[in-house]
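structure.cif follows; it contains mmCIF, N, CA and C atoms.
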data_data
loop_
_atom_site.label_atom_id
_atom_site.label_comp_id
_atom_site.auth_asym_id
_atom_site.auth_seq_id
_atom_site.Cartn_x
_atom_site.Cartn_y
_atom_site.Cartn_z
N MET A 248 79.48 84.15 170.67
CA MET A 248 78.84 85.28 171.34
C MET A 248 79.90 86.14 172.01
N ALA A 249 79.84 87.43 171.80
CA ALA A 249 80.81 88.35 172.38
C ALA A 249 80.46 88.63 173.84
N PRO A 250 81.47 88.97 174.65
CA PRO A 250 81.22 89.21 176.06
C PRO A 250 80.32 90.40 176.33
N LEU A 251 80.37 91.42 175.53
CA LEU A 251 79.50 92.59 175.66
C LEU A 251 78.98 92.97 174.29
N PRO A 252 77.81 93.58 174.24
CA PRO A 252 77.32 94.05 172.94
C PRO A 252 78.26 95.11 172.38
N GLY A 253 78.39 95.14 171.08
CA GLY A 253 79.22 96.14 170.44
C GLY A 253 80.57 95.65 169.98
N ALA A 254 80.88 94.38 170.20
CA ALA A 254 82.18 93.86 169.78
C ALA A 254 82.36 93.99 168.28
N GLU A 255 81.29 93.84 167.53
CA GLU A 255 81.39 93.92 166.07
C GLU A 255 81.67 95.35 165.59
N LEU A 256 81.48 96.33 166.45
CA LEU A 256 81.71 97.73 166.08
C LEU A 256 83.15 98.18 166.33
N VAL A 257 83.94 97.36 167.03
CA VAL A 257 85.31 97.73 167.36
C VAL A 257 86.17 97.66 166.10
N GLN A 258 86.71 98.81 165.70
CA GLN A 258 87.56 98.89 164.51
C GLN A 258 88.92 99.50 164.78
N ARG A 259 89.01 100.33 165.80
CA ARG A 259 90.26 101.03 166.10
C ARG A 259 90.80 100.60 167.46
N PRO A 260 92.11 100.75 167.67
CA PRO A 260 92.71 100.34 168.94
C PRO A 260 92.09 101.01 170.17
N LEU A 261 91.77 102.29 170.08
CA LEU A 261 91.17 102.97 171.23
C LEU A 261 89.79 102.38 171.55
N GLN A 262 89.02 102.05 170.53
CA GLN A 262 87.73 101.40 170.75
C GLN A 262 87.91 100.05 171.43
N LEU A 263 88.92 99.31 170.99
CA LEU A 263 89.21 98.01 171.60
C LEU A 263 89.58 98.18 173.06
N TYR A 264 90.43 99.15 173.34
CA TYR A 264 90.87 99.40 174.71
C TYR A 264 89.68 99.67 175.63
N ARG A 265 88.81 100.55 175.20
CA ARG A 265 87.61 100.88 176.00
C ARG A 265 86.70 99.67 176.15
N TYR A 266 86.53 98.92 175.07
CA TYR A 266 85.69 97.73 175.09
C TYR A 266 86.22 96.70 176.10
N LEU A 267 87.54 96.46 176.07
CA LEU A 267 88.12 95.48 176.99
C LEU A 267 88.03 95.94 178.44
N LEU A 268 88.20 97.23 178.68
CA LEU A 268 88.04 97.73 180.05
C LEU A 268 86.61 97.58 180.53
N ARG A 269 85.64 97.76 179.63
CA ARG A 269 84.24 97.53 180.01
C ARG A 269 84.00 96.05 180.31
N CYS A 270 84.65 95.17 179.57
CA CYS A 270 84.55 93.74 179.86
C CYS A 270 85.10 93.44 181.25
N CYS A 271 86.19 94.10 181.61
CA CYS A 271 86.79 93.88 182.94
C CYS A 271 85.81 94.23 184.06
N GLN A 272 84.99 95.22 183.83
CA GLN A 272 84.02 95.61 184.85
C GLN A 272 83.02 94.50 185.14
N GLN A 273 82.87 93.56 184.23
CA GLN A 273 81.92 92.46 184.40
C GLN A 273 82.51 91.29 185.18
N LEU A 274 83.82 91.30 185.43
CA LEU A 274 84.47 90.20 186.13
C LEU A 274 84.07 90.21 187.60
N PRO A 275 84.03 89.04 188.23
CA PRO A 275 83.40 88.91 189.54
C PRO A 275 84.15 89.48 190.74
N THR A 276 85.47 89.48 190.75
CA THR A 276 86.18 89.97 191.94
C THR A 276 87.14 91.09 191.57
N LYS A 277 87.46 91.88 192.57
CA LYS A 277 88.35 93.02 192.36
C LYS A 277 89.73 92.55 191.90
N GLY A 278 90.23 91.49 192.48
CA GLY A 278 91.55 90.98 192.11
C GLY A 278 91.62 90.55 190.65
N ILE A 279 90.59 89.87 190.19
CA ILE A 279 90.54 89.44 188.79
C ILE A 279 90.44 90.65 187.87
N ARG A 280 89.59 91.61 188.25
CA ARG A 280 89.45 92.82 187.44
C ARG A 280 90.78 93.56 187.32
N GLU A 281 91.49 93.72 188.44
CA GLU A 281 92.77 94.43 188.42
C GLU A 281 93.81 93.68 187.59
N HIS A 282 93.83 92.36 187.70
CA HIS A 282 94.78 91.57 186.93
C HIS A 282 94.60 91.79 185.43
N TYR A 283 93.36 91.66 184.96
CA TYR A 283 93.12 91.79 183.52
C TYR A 283 93.22 93.24 183.05
N ARG A 284 92.87 94.19 183.90
CA ARG A 284 93.05 95.60 183.52
C ARG A 284 94.53 95.90 183.33
N HIS A 285 95.37 95.37 184.22
CA HIS A 285 96.81 95.54 184.09
C HIS A 285 97.33 94.87 182.81
N ALA A 286 96.85 93.65 182.52
CA ALA A 286 97.27 92.94 181.31
C ALA A 286 96.87 93.69 180.05
N ILE A 287 95.69 94.28 180.05
CA ILE A 287 95.23 95.06 178.89
C ILE A 287 96.15 96.26 178.67
N ARG A 288 96.45 96.97 179.75
CA ARG A 288 97.34 98.14 179.63
C ARG A 288 98.72 97.74 179.11
N GLN A 289 99.27 96.65 179.64
CA GLN A 289 100.58 96.19 179.20
C GLN A 289 100.58 95.85 177.72
N ASN A 290 99.55 95.11 177.27
CA ASN A 290 99.49 94.72 175.87
C ASN A 290 99.33 95.93 174.95
N PHE A 291 98.61 96.94 175.39
CA PHE A 291 98.49 98.13 174.56
C PHE A 291 99.81 98.87 174.47
N GLN A 292 100.59 98.88 175.54
CA GLN A 292 101.90 99.52 175.49
C GLN A 292 102.84 98.75 174.58
N VAL A 293 102.78 97.43 174.62
CA VAL A 293 103.64 96.59 173.77
C VAL A 293 103.34 96.83 172.29
N HIS A 294 102.07 96.96 171.94
CA HIS A 294 101.67 97.09 170.54
C HIS A 294 101.42 98.54 170.11
N ALA A 295 101.85 99.50 170.91
CA ALA A 295 101.58 100.91 170.61
C ALA A 295 102.21 101.37 169.30
N ASP A 296 103.32 100.78 168.91
CA ASP A 296 104.00 101.23 167.70
C ASP A 296 103.58 100.45 166.45
N GLU A 297 102.59 99.60 166.58
CA GLU A 297 102.09 98.82 165.44
C GLU A 297 101.42 99.76 164.44
N ASP A 298 101.82 99.70 163.16
CA ASP A 298 101.24 100.59 162.17
C ASP A 298 100.67 99.86 160.95
N ASP A 299 100.79 98.57 160.89
CA ASP A 299 100.23 97.79 159.79
C ASP A 299 98.73 97.56 160.05
N PRO A 300 97.85 98.12 159.19
CA PRO A 300 96.40 97.99 159.42
C PRO A 300 95.92 96.53 159.49
N GLU A 301 96.52 95.67 158.68
CA GLU A 301 96.11 94.26 158.71
C GLU A 301 96.47 93.61 160.05
N ARG A 302 97.66 93.91 160.55
CA ARG A 302 98.10 93.36 161.83
C ARG A 302 97.24 93.92 162.97
N ILE A 303 96.89 95.19 162.89
CA ILE A 303 96.03 95.80 163.91
C ILE A 303 94.68 95.09 163.95
N GLN A 304 94.11 94.79 162.78
CA GLN A 304 92.83 94.08 162.73
C GLN A 304 92.96 92.66 163.30
N GLN A 305 94.10 92.01 163.05
CA GLN A 305 94.34 90.68 163.64
C GLN A 305 94.37 90.76 165.16
N ILE A 306 95.05 91.76 165.67
CA ILE A 306 95.15 91.94 167.13
C ILE A 306 93.78 92.20 167.72
N ILE A 307 92.99 93.05 167.07
CA ILE A 307 91.64 93.37 167.55
C ILE A 307 90.78 92.11 167.58
N LYS A 308 90.82 91.35 166.48
CA LYS A 308 90.02 90.12 166.40
C LYS A 308 90.41 89.14 167.50
N ARG A 309 91.71 88.94 167.69
CA ARG A 309 92.19 88.01 168.70
C ARG A 309 91.83 88.47 170.11
N ALA A 310 91.94 89.77 170.38
CA ALA A 310 91.61 90.30 171.71
C ALA A 310 90.14 90.10 172.03
N ILE A 311 89.27 90.30 171.06
CA ILE A 311 87.84 90.10 171.29
C ILE A 311 87.54 88.62 171.52
N GLU A 312 88.19 87.74 170.75
CA GLU A 312 88.01 86.30 170.96
C GLU A 312 88.50 85.89 172.35
N ASP A 313 89.63 86.43 172.78
CA ASP A 313 90.15 86.11 174.11
C ASP A 313 89.22 86.62 175.21
N ALA A 314 88.67 87.82 175.02
CA ALA A 314 87.74 88.37 176.01
C ALA A 314 86.49 87.50 176.09
N ASP A 315 86.01 87.04 174.94
CA ASP A 315 84.85 86.15 174.90
C ASP A 315 85.14 84.86 175.65
N TRP A 316 86.31 84.27 175.40
CA TRP A 316 86.69 83.04 176.08
C TRP A 316 86.75 83.25 177.60
N LEU A 317 87.37 84.36 178.01
CA LEU A 317 87.50 84.64 179.44
C LEU A 317 86.13 84.82 180.10
N MET A 318 85.26 85.59 179.47
CA MET A 318 83.94 85.83 180.05
C MET A 318 83.14 84.52 180.15
N ASN A 319 83.25 83.66 179.14
CA ASN A 319 82.57 82.37 179.20
C ASN A 319 83.15 81.49 180.29
N LYS A 320 84.47 81.51 180.45
CA LYS A 320 85.13 80.71 181.48
C LYS A 320 84.69 81.16 182.87
N VAL A 321 84.72 82.45 183.11
CA VAL A 321 84.34 82.98 184.42
C VAL A 321 82.88 82.68 184.71
N SER A 322 82.01 82.84 183.72
CA SER A 322 80.59 82.57 183.97
C SER A 322 80.32 81.09 184.18
N SER A 323 81.19 80.21 183.68
CA SER A 323 80.96 78.78 183.86
C SER A 323 81.35 78.31 185.26
N TRP A 324 82.33 78.95 185.91
CA TRP A 324 82.69 78.49 187.25
C TRP A 324 82.06 79.30 188.35
N LEU A 325 81.25 80.28 188.01
CA LEU A 325 80.44 80.97 189.01
C LEU A 325 78.98 80.79 188.66
N PRO A 326 78.19 80.24 189.58
CA PRO A 326 76.76 80.13 189.31
C PRO A 326 76.17 81.52 189.04
N PRO A 327 75.12 81.60 188.28
CA PRO A 327 74.55 82.91 187.90
C PRO A 327 74.19 83.80 189.07
N LEU A 328 73.79 83.22 190.19
CA LEU A 328 73.38 84.05 191.33
C LEU A 328 74.57 84.56 192.14
N LEU A 329 75.73 83.95 191.96
CA LEU A 329 76.90 84.40 192.71
C LEU A 329 77.64 85.46 191.92
N ARG A 330 77.69 86.63 192.45
CA ARG A 330 78.45 87.71 191.85
C ARG A 330 79.46 88.19 192.88
N ALA A 331 80.23 89.18 192.55
CA ALA A 331 81.36 89.60 193.38
C ALA A 331 80.97 89.83 194.85
N GLY A 332 79.96 90.61 195.10
CA GLY A 332 79.58 90.91 196.47
C GLY A 332 78.96 89.75 197.21
N GLU A 333 78.25 88.91 196.49
CA GLU A 333 77.56 87.79 197.12
C GLU A 333 78.49 86.63 197.44
N LEU A 334 79.61 86.51 196.74
CA LEU A 334 80.52 85.39 196.93
C LEU A 334 81.08 85.37 198.35
N ARG A 335 81.51 86.50 198.85
CA ARG A 335 82.06 86.58 200.21
C ARG A 335 80.99 86.20 201.24
N ALA A 336 79.76 86.65 201.06
CA ALA A 336 78.69 86.32 202.00
C ALA A 336 78.41 84.82 202.01
N VAL A 337 78.44 84.20 200.85
CA VAL A 337 78.20 82.76 200.77
C VAL A 337 79.31 81.99 201.47
N ILE A 338 80.56 82.40 201.25
CA ILE A 338 81.69 81.73 201.91
C ILE A 338 81.57 81.89 203.42
N SER A 339 81.24 83.08 203.89
CA SER A 339 81.09 83.30 205.33
C SER A 339 79.97 82.46 205.90
N ALA A 340 78.86 82.38 205.19
CA ALA A 340 77.72 81.62 205.67
C ALA A 340 78.03 80.12 205.72
N THR A 341 78.74 79.62 204.72
CA THR A 341 79.00 78.19 204.68
C THR A 341 80.08 77.77 205.66
N THR A 342 80.93 78.70 206.09
CA THR A 342 81.97 78.36 207.06
C THR A 342 81.60 78.84 208.45
N ARG A 343 80.42 79.42 208.61
CA ARG A 343 79.92 79.94 209.89
C ARG A 343 80.89 80.93 210.53
N GLY A 344 81.47 81.77 209.71
CA GLY A 344 82.35 82.82 210.21
C GLY A 344 83.78 82.38 210.45
N ARG A 345 84.05 81.08 210.43
CA ARG A 345 85.42 80.59 210.63
C ARG A 345 86.19 80.73 209.32
N PRO A 346 87.50 80.85 209.39
CA PRO A 346 88.28 80.92 208.15
C PRO A 346 88.10 79.65 207.33
N CYS A 347 87.92 79.82 206.07
CA CYS A 347 87.75 78.68 205.16
C CYS A 347 89.14 78.18 204.78
N PRO A 348 89.48 76.92 205.06
CA PRO A 348 90.82 76.44 204.78
C PRO A 348 91.21 76.47 203.31
N THR A 349 90.25 76.36 202.42
CA THR A 349 90.59 76.36 201.00
C THR A 349 90.70 77.77 200.43
N VAL A 350 90.14 78.75 201.10
CA VAL A 350 90.15 80.12 200.61
C VAL A 350 91.25 80.94 201.26
N ASN A 351 91.46 80.77 202.55
CA ASN A 351 92.38 81.62 203.30
C ASN A 351 93.74 80.98 203.53
N ARG A 352 94.27 80.30 202.55
CA ARG A 352 95.59 79.70 202.70
C ARG A 352 96.66 80.78 202.62
N PRO A 353 97.71 80.67 203.45
CA PRO A 353 98.79 81.68 203.38
C PRO A 353 99.63 81.52 202.15
#

Please rewrite the model in this file as structure tokens.
Amino acid sequence: MAPLPGAELVQRPLQLYRYLLRCCQQLPTKGIREHYRHAIRQNFQVHADEDDPERIQQIIKRAIEDADWLMNKVSSWLPPLLRAGELRAVISATTRGRPCPTVNRP
């Protein structure tokens, strides 16, 4: 199962780029979203000079598989009701406003 609908329609690098950025919007925290958005941009710069159509299709296929794996991993360690905004509220409620030693380590 693909992380977002439309993965099967991705044929060109620009379509892949947009698709992966839309996947990033589904990630639960701002830090995670920024990390993967940066990684996507870096990988597109690295492969910008790729001109072999077969290699481009391999890269597209692998990127979609990796996005699928990431989305499944993230959804497995976050319960369905916990999303980005709700996670902070749950941590605050469970620690009664005190710093959580496992979350706020220096």

Handout entry: Straight-line distance linking atom CA of A:Arg309 with atom CA of A:Asp296, stated in Å to one decimal
Key = 17.8 Å

Handout entry: Minimum-distance residue to A:Asn319, chosen among A:Glu281, A:Ile307, A:Arg288, A:Leu274 (using only C-alpha atoms)
Key =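 Once distances to A:Asn319 are computed over only C-alpha atoms, the minimum belongs to A:Leu274.
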
Practice task
Work out how far apart atom N of A:Lys277 and atom C of A:Val321 are and give it in Å to one decimal.
Solution key: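 That distance, rounded to one decimal, is 12.9 Å.
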
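You will find atom N of A:Gln305 at 19.1 Å from atom CA of A:Leu317.
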
Handout entry: Exercise: stretch 262-264 of chain A partners within 9 Å, only C-alpha atoms, chain neighbours under 3 positions left out, as a ChimeraX atom specification
Key = /A:254,256-259,267-269,287-288,291,307,310-311

Could you add the missing atoms to stretch 255-278 of chain A, up to N, CA, C and O atoms, and return them as an mmCIF file, keeping the file's coordinate frame?
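Everything below was put into rebuild.cif:
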data_model
loop_
_atom_site.group_PDB
_atom_site.id
_atom_site.type_symbol
_atom_site.label_atom_id
_atom_site.label_comp_id
_atom_site.auth_asym_id
_atom_site.auth_seq_id
_atom_site.Cartn_x
_atom_site.Cartn_y
_atom_site.Cartn_z
ATOM 1 N N GLU A 255 81.290 93.840 167.530
ATOM 2 C CA GLU A 255 81.390 93.920 166.070
ATOM 3 C C GLU A 255 81.670 95.350 165.590
ATOM 4 O O GLU A 255 82.080 95.545 164.456
ATOM 5 N N LEU A 256 81.480 96.330 166.450
ATOM 6 C CA LEU A 256 81.710 97.730 166.080
ATOM 7 C C LEU A 256 83.150 98.180 166.330
ATOM 8 O O LEU A 256 83.550 99.257 165.911
ATOM 9 N N VAL A 257 83.940 97.360 167.030
ATOM 10 C CA VAL A 257 85.310 97.730 167.360
ATOM 11 C C VAL A 257 86.170 97.660 166.100
ATOM 12 O O VAL A 257 86.312 96.608 165.494
ATOM 13 N N GLN A 258 86.710 98.810 165.700
ATOM 14 C CA GLN A 258 87.560 98.890 164.510
ATOM 15 C C GLN A 258 88.920 99.500 164.780
ATOM 16 O O GLN A 258 89.861 99.241 164.062
ATOM 17 N N ARG A 259 89.010 100.330 165.800
ATOM 18 C CA ARG A 259 90.260 101.030 166.100
ATOM 19 C C ARG A 259 90.800 100.600 167.460
ATOM 20 O O ARG A 259 90.041 100.150 168.318
ATOM 21 N N PRO A 260 92.110 100.750 167.670
ATOM 22 C CA PRO A 260 92.710 100.340 168.940
ATOM 23 C C PRO A 260 92.090 101.010 170.170
ATOM 24 O O PRO A 260 91.886 100.354 171.190
ATOM 25 N N LEU A 261 91.770 102.290 170.080
ATOM 26 C CA LEU A 261 91.170 102.970 171.230
ATOM 27 C C LEU A 261 89.790 102.380 171.550
ATOM 28 O O LEU A 261 89.439 102.205 172.723
ATOM 29 N N GLN A 262 89.020 102.050 170.530
ATOM 30 C CA GLN A 262 87.730 101.400 170.750
ATOM 31 C C GLN A 262 87.910 100.050 171.430
ATOM 32 O O GLN A 262 87.143 99.680 172.330
ATOM 33 N N LEU A 263 88.920 99.310 170.990
ATOM 34 C CA LEU A 263 89.210 98.010 171.600
ATOM 35 C C LEU A 263 89.580 98.180 173.060
ATOM 36 O O LEU A 263 89.106 97.443 173.922
ATOM 37 N N TYR A 264 90.430 99.150 173.340
ATOM 38 C CA TYR A 264 90.870 99.400 174.710
ATOM 39 C C TYR A 264 89.680 99.670 175.630
ATOM 40 O O TYR A 264 89.544 99.066 176.689
ATOM 41 N N ARG A 265 88.810 100.550 175.200
ATOM 42 C CA ARG A 265 87.610 100.880 176.000
ATOM 43 C C ARG A 265 86.700 99.670 176.150
ATOM 44 O O ARG A 265 86.156 99.411 177.225
ATOM 45 N N TYR A 266 86.530 98.920 175.070
ATOM 46 C CA TYR A 266 85.690 97.730 175.090
ATOM 47 C C TYR A 266 86.220 96.700 176.100
ATOM 48 O O TYR A 266 85.473 96.154 176.900
ATOM 49 N N LEU A 267 87.540 96.460 176.070
ATOM 50 C CA LEU A 267 88.120 95.480 176.990
ATOM 51 C C LEU A 267 88.030 95.940 178.440
ATOM 52 O O LEU A 267 87.796 95.124 179.336
ATOM 53 N N LEU A 268 88.200 97.230 178.680
ATOM 54 C CA LEU A 268 88.040 97.730 180.050
ATOM 55 C C LEU A 268 86.610 97.580 180.530
ATOM 56 O O LEU A 268 86.372 97.270 181.699
ATOM 57 N N ARG A 269 85.640 97.760 179.630
ATOM 58 C CA ARG A 269 84.240 97.530 180.010
ATOM 59 C C ARG A 269 84.000 96.050 180.310
ATOM 60 O O ARG A 269 83.238 95.715 181.215
ATOM 61 N N CYS A 270 84.650 95.170 179.570
ATOM 62 C CA CYS A 270 84.550 93.740 179.860
ATOM 63 C C CYS A 270 85.100 93.440 181.250
ATOM 64 O O CYS A 270 84.537 92.620 181.987
ATOM 65 N N CYS A 271 86.190 94.100 181.610
ATOM 66 C CA CYS A 271 86.790 93.880 182.940
ATOM 67 C C CYS A 271 85.810 94.230 184.060
ATOM 68 O O CYS A 271 85.830 93.598 185.107
ATOM 69 N N GLN A 272 84.990 95.220 183.830
ATOM 70 C CA GLN A 272 84.020 95.610 184.850
ATOM 71 C C GLN A 272 83.020 94.500 185.140
ATOM 72 O O GLN A 272 82.403 94.480 186.202
ATOM 73 N N GLN A 273 82.870 93.560 184.230
ATOM 74 C CA GLN A 273 81.920 92.460 184.400
ATOM 75 C C GLN A 273 82.510 91.290 185.180
ATOM 76 O O GLN A 273 81.802 90.368 185.541
ATOM 77 N N LEU A 274 83.820 91.300 185.430
ATOM 78 C CA LEU A 274 84.470 90.200 186.130
ATOM 79 C C LEU A 274 84.070 90.210 187.600
ATOM 80 O O LEU A 274 83.824 91.261 188.178
ATOM 81 N N PRO A 275 84.030 89.040 188.230
ATOM 82 C CA PRO A 275 83.400 88.910 189.540
ATOM 83 C C PRO A 275 84.150 89.480 190.740
ATOM 84 O O PRO A 275 83.521 89.927 191.676
ATOM 85 N N THR A 276 85.470 89.480 190.750
ATOM 86 C CA THR A 276 86.180 89.970 191.940
ATOM 87 C C THR A 276 87.140 91.090 191.570
ATOM 88 O O THR A 276 87.612 91.187 190.437
ATOM 89 N N LYS A 277 87.460 91.880 192.570
ATOM 90 C CA LYS A 277 88.350 93.020 192.360
ATOM 91 C C LYS A 277 89.730 92.550 191.900
ATOM 92 O O LYS A 277 90.339 93.152 191.006
ATOM 93 N N GLY A 278 90.230 91.490 192.480
ATOM 94 C CA GLY A 278 91.550 90.980 192.110
ATOM 95 C C GLY A 278 91.620 90.550 190.650
ATOM 96 O O GLY A 278 92.599 90.848 189.950
#
